[in-house]
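The file protein.txt comes next; it holds compact mmCIF, C-alpha atoms and all ligand atoms.
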```
# COMPACT_ATOMS: atom_id res chain seq x y z
CA MET A 1 5.21 -3.95 -7.91
CA PRO A 2 7.76 -1.17 -8.65
CA VAL A 3 7.73 0.52 -12.05
CA ASP A 4 10.83 0.90 -14.17
CA GLY A 5 12.92 3.82 -12.94
CA PHE A 6 11.75 3.60 -9.31
CA GLN A 7 14.49 3.00 -6.78
CA LEU A 8 13.08 1.04 -3.84
CA PRO A 9 13.74 2.81 -0.52
CA ALA A 10 15.71 0.50 1.76
CA ASP A 11 12.95 -0.01 4.33
CA HIS A 12 10.11 -0.76 1.88
CA LYS A 13 10.83 -4.46 1.64
CA GLN A 14 10.19 -4.81 5.36
CA ARG A 15 7.27 -2.41 5.58
CA PHE A 16 5.28 -3.42 2.51
CA ASP A 17 4.36 -6.54 0.60
CA VAL A 18 6.47 -5.67 -2.44
CA MET A 19 6.66 -7.95 -5.45
CA GLU A 20 10.04 -7.17 -6.92
CA MET A 21 9.19 -7.92 -10.54
CA ARG A 22 9.26 -5.16 -13.11
CA ILE A 23 7.08 -5.91 -16.08
CA GLY A 24 7.16 -2.86 -18.31
CA THR A 25 4.02 -1.08 -17.11
CA ASP A 26 3.82 2.59 -18.05
CA PRO A 27 5.77 4.36 -15.25
CA SER A 28 4.56 7.93 -15.92
CA TYR A 29 1.67 8.22 -13.42
CA ALA A 30 3.55 6.26 -10.77
CA LEU A 31 6.57 8.55 -10.98
CA LYS A 32 5.42 11.96 -12.19
CA THR A 33 2.16 12.71 -10.38
CA HIS A 34 1.63 13.76 -6.79
CA LYS A 35 -0.32 10.57 -6.07
CA GLY A 36 2.31 8.38 -7.67
CA THR A 37 3.96 5.97 -5.26
CA GLY A 38 6.43 4.31 -7.63
CA TYR A 39 4.32 1.15 -7.53
CA TYR A 40 1.40 -0.51 -9.28
CA LYS A 41 -1.09 -2.62 -7.42
CA VAL A 42 -1.58 -5.73 -9.51
CA PRO A 43 -5.25 -5.71 -10.52
CA SER A 44 -7.35 -8.74 -9.62
CA LEU A 45 -8.55 -10.75 -12.58
CA LYS A 46 -11.79 -11.48 -10.75
CA GLY A 47 -14.57 -9.78 -12.65
CA VAL A 48 -12.23 -8.84 -15.49
CA TRP A 49 -15.03 -9.81 -17.94
CA TYR A 50 -17.05 -6.67 -17.14
CA ARG A 51 -14.18 -4.34 -16.33
CA GLY A 52 -13.09 -3.00 -19.69
CA PRO A 53 -11.77 -0.81 -21.12
CA PHE A 54 -8.49 -2.28 -19.86
CA GLU A 55 -5.14 -1.18 -18.45
CA HIS A 56 -4.75 1.94 -16.30
CA ASN A 57 -5.55 4.37 -19.12
CA GLY A 58 -8.50 2.45 -20.53
CA ARG A 59 -6.77 2.42 -23.88
CA ILE A 60 -7.61 -1.19 -24.64
CA ALA A 61 -11.21 -2.04 -25.48
CA THR A 62 -11.23 -5.84 -25.26
CA LEU A 63 -9.28 -8.75 -23.79
CA GLU A 64 -8.53 -9.85 -27.36
CA ASP A 65 -6.80 -6.49 -27.91
CA TRP A 66 -4.86 -6.75 -24.63
CA PHE A 67 -3.37 -10.08 -25.70
CA ASP A 68 -2.59 -8.85 -29.23
CA PRO A 69 1.13 -8.01 -29.63
CA VAL A 70 0.35 -5.25 -32.16
CA ARG A 71 -0.51 -3.02 -29.17
CA LEU A 72 3.24 -2.69 -28.49
CA ARG A 73 3.90 -1.03 -31.85
CA ASP A 74 4.36 2.74 -32.10
CA ASP A 75 1.85 2.92 -34.98
CA TYR A 76 -0.90 1.24 -32.91
CA VAL A 77 -4.15 3.16 -32.61
CA PRO A 78 -5.61 2.26 -29.21
CA THR A 79 -8.99 0.57 -29.46
CA GLY A 80 -10.21 2.12 -26.17
CA PHE A 81 -9.46 5.64 -24.89
CA LYS A 82 -7.52 7.43 -27.59
CA GLY A 83 -6.52 10.55 -25.68
CA SER A 84 -7.40 14.05 -26.82
CA ASP A 85 -5.10 13.84 -29.84
CA SER A 86 -6.22 10.38 -31.06
CA LYS A 87 -2.62 9.71 -32.06
CA ALA A 88 -1.19 6.29 -32.73
CA ARG A 89 0.87 5.10 -29.76
CA SER A 90 2.24 1.97 -28.28
CA VAL A 91 0.31 0.53 -25.32
CA THR A 92 3.01 -1.02 -23.19
CA GLY A 93 2.41 -3.22 -20.19
CA HIS A 94 3.26 -6.79 -19.51
CA PRO A 95 4.04 -9.17 -22.34
CA PHE A 96 2.47 -12.24 -20.72
CA ALA A 97 0.46 -14.44 -23.11
CA LEU A 98 1.03 -12.19 -26.12
CA ASN A 99 2.62 -14.95 -28.14
CA LEU A 100 0.31 -17.86 -27.42
CA ALA A 101 -1.02 -19.93 -30.32
CA PRO A 102 -4.44 -18.64 -31.47
CA GLU A 103 -6.40 -21.52 -29.91
CA GLU A 104 -4.52 -21.16 -26.60
CA LYS A 105 -5.22 -17.44 -26.56
CA LYS A 106 -8.89 -18.09 -27.18
CA ALA A 107 -8.97 -20.63 -24.33
CA LEU A 108 -7.22 -18.17 -21.98
CA ILE A 109 -9.72 -15.43 -22.75
CA VAL A 110 -12.69 -17.80 -22.33
CA PHE A 111 -11.21 -18.78 -18.94
CA LEU A 112 -10.63 -15.16 -17.89
CA ARG A 113 -14.28 -14.39 -18.68
CA THR A 114 -15.36 -17.02 -16.15
CA LEU A 115 -13.58 -15.33 -13.24
C1 LIG A 201 -0.41 -15.20 -17.85
C2 LIG A 201 -0.41 -14.40 -16.78
C3 LIG A 201 -1.20 -13.12 -16.75
C4 LIG A 201 -2.39 -12.81 -17.34
C5 LIG A 201 -3.30 -13.71 -18.18
C6 LIG A 201 -2.69 -11.42 -16.99
C7 LIG A 201 -3.81 -10.73 -17.42
C8 LIG A 201 -4.00 -9.37 -17.25
C9 LIG A 201 -5.13 -8.61 -17.75
C10 LIG A 201 -6.34 -9.20 -18.49
C11 LIG A 201 -4.92 -7.32 -17.43
C12 LIG A 201 -5.85 -6.12 -17.69
C13 LIG A 201 -6.68 -5.97 -16.45
C14 LIG A 201 -7.32 -4.63 -16.23
O1 LIG A 201 -7.03 -3.64 -16.92
O2 LIG A 201 -8.12 -4.56 -15.27
C15 LIG A 201 -3.67 -7.24 -16.68
C16 LIG A 201 -3.11 -6.09 -16.17
C17 LIG A 201 -2.05 -6.05 -15.30
N1 LIG A 201 -1.31 -7.11 -14.86
FE1 LIG A 201 -1.48 -9.00 -15.55
N2 LIG A 201 -1.68 -10.93 -16.19
C18 LIG A 201 -0.76 -11.93 -16.01
C19 LIG A 201 0.38 -11.87 -15.25
C20 LIG A 201 0.76 -10.79 -14.46
C21 LIG A 201 1.87 -10.78 -13.52
C22 LIG A 201 2.78 -11.97 -13.23
C23 LIG A 201 1.89 -9.53 -12.98
C24 LIG A 201 2.82 -8.95 -11.92
C25 LIG A 201 4.00 -9.39 -11.66
C26 LIG A 201 0.83 -8.75 -13.58
C27 LIG A 201 0.58 -7.43 -13.33
C28 LIG A 201 -0.37 -6.67 -13.98
C29 LIG A 201 -0.49 -5.21 -13.83
C30 LIG A 201 0.34 -4.30 -12.91
C31 LIG A 201 -1.54 -4.82 -14.67
C32 LIG A 201 -2.06 -3.39 -14.88
C33 LIG A 201 -1.46 -2.81 -16.14
C34 LIG A 201 -1.95 -1.40 -16.40
O3 LIG A 201 -2.94 -0.97 -15.83
O4 LIG A 201 -1.32 -0.72 -17.22
N3 LIG A 201 0.15 -9.55 -14.47
N4 LIG A 201 -3.13 -8.49 -16.60
```

Could you spell out this file's structure in structure tokens?
Ligand code: HEM
Amino acid sequence: MPVDGFQLPADHKQRFDVMEMRIGTDPSYALKTHKGTGYYKVPSLKGVWYRGPFEHNGRIATLEDWFDPVRLRDDYVPTGFKGSDSKARSVTGHPFALNLAPEEKKALIVFLRTL
């Protein structure tokens, strides 16, 4: 899955199994580091119950926090890894399921913990 700002080389669609959706994941490591490829591998949700802290930086402590839209705000203090400066910052990443009704969100998280 390409990150925002990455221009797909013409031959990649034939050579790789590329999902052409862009979902707002943090592009910095994928574009600015020597190991960056321009892509994210979509993480499996199998075993997600024991895999926290979540997202690539470990900034999110729990699944409840991952599905809480307040993480997108600039004044959000990450509940997981806070970085060396402990500053408030937005934790971007996909918006799926952020706006579910409370009981639906609870049911989703209970389901995810069974995987
Ligand atoms: C309702 C549907 C979805 C749910 C419930 C869901 C759930 C999750 C969860 C729980 C995580 C954190 C996992 C972890 O850190 O190990 C995650 C991360 C991620 N998901 Fe999804 N996901 C959904 C749809 C999608 C779709 C459609 C895509 C790709 C097109 C996708 C791509 C990713 C990526 C790339 C990450 C890593 C983000 C990062 O590390 O910053 N997800 N998702």

Residues within 6 Å of ligand LIG 201 (chain A), counting all atoms listed in the file, as a list in words: Met21, Thr25, Tyr40, Lys41, Val42, Pro43, Val48, Phe54, Glu55, His56, Gly93, Phe96 and Ala97 of chain A

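Ranking A:Lys87, A:Lys105, A:Arg71, A:His94 by their shortest atom-to-atom distance to Asp26 (chain A), with all atoms listed in the file included, puts A:His94 first.
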
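Restricting the calculation to only C-alpha atoms, the smallest distance between Ile23 (chain A) and any of A:Gly5, A:Glu103, A:Pro95, A:Asp75 is found for A:Pro95.
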
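CA of Leu108 (chain A) is positioned 20.3 Å from CA of Thr79 (chain A).
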
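Put simply, CA of Gly80 (chain A) is 22.2 Å away from CA of Thr114 (chain A).
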
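The space between CA of Gly83 (chain A) and CA of Gly58 (chain A) spans 9.8 Å.
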
Polymer residues at most 9 Å from (5.3, 4.8, -17.7) by all atoms listed in the file, as number ranges by chain: A: 3-4, 24-31, 92-93

With 5 Å added on each side, what axis-aligned box encloses every listed atom of region 73-80 of chain A? Give the centre and edge lengths in Å to one decimal, as lines of an AutoDock Vina configuration file.
```
center_x = -2.9
center_y = 1.1
center_z = -30.6
size_x = 24.6
size_y = 14.2
size_z = 18.8
```

Surrounding residues of region 62-70 of chain A excluding itself and chain neighbours under 3 positions, 7 Å, only C-alpha atoms, as a PyMOL selection string: chain A and resi 52-53+73+76+97-98+109

Save out the residues we just selected, C-alpha atoms, as a PDB file, in the coordinates of the input.
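Saved result, again.pdb, follows:
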```
ATOM      1  CA  GLY A  52     -13.090  -3.000 -19.690  1.00  0.00           C
ATOM      2  CA  PRO A  53     -11.770  -0.810 -21.120  1.00  0.00           C
ATOM      3  CA  ARG A  73       3.900  -1.030 -31.850  1.00  0.00           C
ATOM      4  CA  TYR A  76      -0.900   1.240 -32.910  1.00  0.00           C
ATOM      5  CA  ALA A  97       0.460 -14.440 -23.110  1.00  0.00           C
ATOM      6  CA  LEU A  98       1.030 -12.190 -26.120  1.00  0.00           C
ATOM      7  CA  ILE A 109      -9.720 -15.430 -22.750  1.00  0.00           C
TER       8      ILE A 109
END
```

Proximity to Phe6 (chain A) - best of A:Pro102, A:Ala88, A:Glu20, A:Tyr39, only C-alpha atoms: A:Tyr39

Please produce region 40-72 of chain A, completed to N, CA and C atoms, as a PDB file, in the frame of the given file.
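Okay, this is what ended up in out-v4.pdb:
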```pdb
ATOM      1  N   TYR A  40       2.735  -0.144  -8.800  1.00  0.00           N
ATOM      2  CA  TYR A  40       1.400  -0.510  -9.280  1.00  0.00           C
ATOM      3  C   TYR A  40       0.856  -1.547  -8.317  1.00  0.00           C
ATOM      4  N   LYS A  41      -0.438  -1.486  -8.057  1.00  0.00           N
ATOM      5  CA  LYS A  41      -1.090  -2.620  -7.420  1.00  0.00           C
ATOM      6  C   LYS A  41      -1.488  -3.543  -8.553  1.00  0.00           C
ATOM      7  N   VAL A  42      -1.200  -4.799  -8.443  1.00  0.00           N
ATOM      8  CA  VAL A  42      -1.580  -5.730  -9.510  1.00  0.00           C
ATOM      9  C   VAL A  42      -3.093  -5.908  -9.462  1.00  0.00           C
ATOM     10  N   PRO A  43      -3.789  -5.618 -10.572  1.00  0.00           N
ATOM     11  CA  PRO A  43      -5.250  -5.710 -10.520  1.00  0.00           C
ATOM     12  C   PRO A  43      -5.715  -7.163 -10.436  1.00  0.00           C
ATOM     13  N   SER A  44      -6.781  -7.396  -9.677  1.00  0.00           N
ATOM     14  CA  SER A  44      -7.350  -8.740  -9.620  1.00  0.00           C
ATOM     15  C   SER A  44      -7.957  -9.082 -10.972  1.00  0.00           C
ATOM     16  N   LEU A  45      -7.915 -10.344 -11.326  1.00  0.00           N
ATOM     17  CA  LEU A  45      -8.550 -10.750 -12.580  1.00  0.00           C
ATOM     18  C   LEU A  45     -10.001 -11.166 -12.339  1.00  0.00           C
ATOM     19  N   LYS A  46     -10.414 -11.148 -11.069  1.00  0.00           N
ATOM     20  CA  LYS A  46     -11.790 -11.480 -10.750  1.00  0.00           C
ATOM     21  C   LYS A  46     -12.696 -10.382 -11.306  1.00  0.00           C
ATOM     22  N   GLY A  47     -13.662 -10.768 -12.081  1.00  0.00           N
ATOM     23  CA  GLY A  47     -14.570  -9.780 -12.650  1.00  0.00           C
ATOM     24  C   GLY A  47     -13.984  -9.031 -13.834  1.00  0.00           C
ATOM     25  N   VAL A  48     -12.880  -9.538 -14.375  1.00  0.00           N
ATOM     26  CA  VAL A  48     -12.230  -8.840 -15.490  1.00  0.00           C
ATOM     27  C   VAL A  48     -13.170  -8.798 -16.717  1.00  0.00           C
ATOM     28  N   TRP A  49     -14.118  -9.749 -16.793  1.00  0.00           N
ATOM     29  CA  TRP A  49     -15.030  -9.810 -17.940  1.00  0.00           C
ATOM     30  C   TRP A  49     -15.888  -8.554 -18.079  1.00  0.00           C
ATOM     31  N   TYR A  50     -16.200  -7.871 -16.998  1.00  0.00           N
ATOM     32  CA  TYR A  50     -17.050  -6.670 -17.140  1.00  0.00           C
ATOM     33  C   TYR A  50     -16.268  -5.384 -16.911  1.00  0.00           C
ATOM     34  N   ARG A  51     -14.922  -5.491 -16.808  1.00  0.00           N
ATOM     35  CA  ARG A  51     -14.180  -4.340 -16.330  1.00  0.00           C
ATOM     36  C   ARG A  51     -13.547  -3.459 -17.402  1.00  0.00           C
ATOM     37  N   GLY A  52     -13.732  -3.820 -18.671  1.00  0.00           N
ATOM     38  CA  GLY A  52     -13.090  -3.000 -19.690  1.00  0.00           C
ATOM     39  C   GLY A  52     -13.637  -1.589 -19.698  1.00  0.00           C
ATOM     40  N   PRO A  53     -13.015  -0.638 -20.381  1.00  0.00           N
ATOM     41  CA  PRO A  53     -11.770  -0.810 -21.120  1.00  0.00           C
ATOM     42  C   PRO A  53     -10.578  -1.031 -20.177  1.00  0.00           C
ATOM     43  N   PHE A  54      -9.561  -1.742 -20.695  1.00  0.00           N
ATOM     44  CA  PHE A  54      -8.490  -2.280 -19.860  1.00  0.00           C
ATOM     45  C   PHE A  54      -7.237  -1.413 -19.806  1.00  0.00           C
ATOM     46  N   GLU A  55      -6.390  -1.815 -18.893  1.00  0.00           N
ATOM     47  CA  GLU A  55      -5.140  -1.180 -18.450  1.00  0.00           C
ATOM     48  C   GLU A  55      -5.451   0.184 -17.856  1.00  0.00           C
ATOM     49  N   HIS A  56      -4.469   0.785 -17.160  1.00  0.00           N
ATOM     50  CA  HIS A  56      -4.750   1.940 -16.300  1.00  0.00           C
ATOM     51  C   HIS A  56      -5.298   3.144 -17.049  1.00  0.00           C
ATOM     52  N   ASN A  57      -5.039   3.229 -18.356  1.00  0.00           N
ATOM     53  CA  ASN A  57      -5.550   4.370 -19.120  1.00  0.00           C
ATOM     54  C   ASN A  57      -6.847   4.056 -19.863  1.00  0.00           C
ATOM     55  N   GLY A  58      -7.318   2.837 -19.773  1.00  0.00           N
ATOM     56  CA  GLY A  58      -8.500   2.450 -20.530  1.00  0.00           C
ATOM     57  C   GLY A  58      -8.286   2.480 -22.028  1.00  0.00           C
ATOM     58  N   ARG A  59      -7.061   2.297 -22.440  1.00  0.00           N
ATOM     59  CA  ARG A  59      -6.770   2.420 -23.880  1.00  0.00           C
ATOM     60  C   ARG A  59      -7.148   1.177 -24.677  1.00  0.00           C
ATOM     61  N   ILE A  60      -7.390   0.089 -23.961  1.00  0.00           N
ATOM     62  CA  ILE A  60      -7.610  -1.190 -24.640  1.00  0.00           C
ATOM     63  C   ILE A  60      -9.062  -1.626 -24.448  1.00  0.00           C
ATOM     64  N   ALA A  61      -9.769  -1.786 -25.570  1.00  0.00           N
ATOM     65  CA  ALA A  61     -11.210  -2.040 -25.480  1.00  0.00           C
ATOM     66  C   ALA A  61     -11.555  -3.459 -25.050  1.00  0.00           C
ATOM     67  N   THR A  62     -10.820  -4.449 -25.516  1.00  0.00           N
ATOM     68  CA  THR A  62     -11.230  -5.840 -25.260  1.00  0.00           C
ATOM     69  C   THR A  62     -10.034  -6.677 -24.785  1.00  0.00           C
ATOM     70  N   LEU A  63     -10.352  -7.833 -24.206  1.00  0.00           N
ATOM     71  CA  LEU A  63      -9.280  -8.750 -23.790  1.00  0.00           C
ATOM     72  C   LEU A  63      -8.507  -9.247 -25.009  1.00  0.00           C
ATOM     73  N   GLU A  64      -9.217  -9.437 -26.123  1.00  0.00           N
ATOM     74  CA  GLU A  64      -8.530  -9.850 -27.360  1.00  0.00           C
ATOM     75  C   GLU A  64      -7.467  -8.820 -27.721  1.00  0.00           C
ATOM     76  N   ASP A  65      -7.779  -7.545 -27.581  1.00  0.00           N
ATOM     77  CA  ASP A  65      -6.800  -6.490 -27.910  1.00  0.00           C
ATOM     78  C   ASP A  65      -5.635  -6.470 -26.917  1.00  0.00           C
ATOM     79  N   TRP A  66      -5.923  -6.756 -25.649  1.00  0.00           N
ATOM     80  CA  TRP A  66      -4.860  -6.750 -24.630  1.00  0.00           C
ATOM     81  C   TRP A  66      -3.828  -7.838 -24.895  1.00  0.00           C
ATOM     82  N   PHE A  67      -4.301  -8.968 -25.428  1.00  0.00           N
ATOM     83  CA  PHE A  67      -3.370 -10.080 -25.700  1.00  0.00           C
ATOM     84  C   PHE A  67      -2.912 -10.092 -27.165  1.00  0.00           C
ATOM     85  N   ASP A  68      -3.040  -8.961 -27.846  1.00  0.00           N
ATOM     86  CA  ASP A  68      -2.590  -8.850 -29.230  1.00  0.00           C
ATOM     87  C   ASP A  68      -1.275  -8.059 -29.256  1.00  0.00           C
ATOM     88  N   PRO A  69      -0.168  -8.702 -29.691  1.00  0.00           N
ATOM     89  CA  PRO A  69       1.130  -8.010 -29.630  1.00  0.00           C
ATOM     90  C   PRO A  69       1.208  -6.738 -30.470  1.00  0.00           C
ATOM     91  N   VAL A  70       0.282  -6.497 -31.363  1.00  0.00           N
ATOM     92  CA  VAL A  70       0.350  -5.250 -32.160  1.00  0.00           C
ATOM     93  C   VAL A  70       0.206  -4.013 -31.261  1.00  0.00           C
ATOM     94  N   ARG A  71      -0.366  -4.199 -30.054  1.00  0.00           N
ATOM     95  CA  ARG A  71      -0.510  -3.020 -29.170  1.00  0.00           C
ATOM     96  C   ARG A  71       0.843  -2.424 -28.761  1.00  0.00           C
ATOM     97  N   LEU A  72       1.918  -3.189 -28.888  1.00  0.00           N
ATOM     98  CA  LEU A  72       3.240  -2.690 -28.490  1.00  0.00           C
ATOM     99  C   LEU A  72       3.869  -1.789 -29.561  1.00  0.00           C
TER     100      LEU A  72
END
```
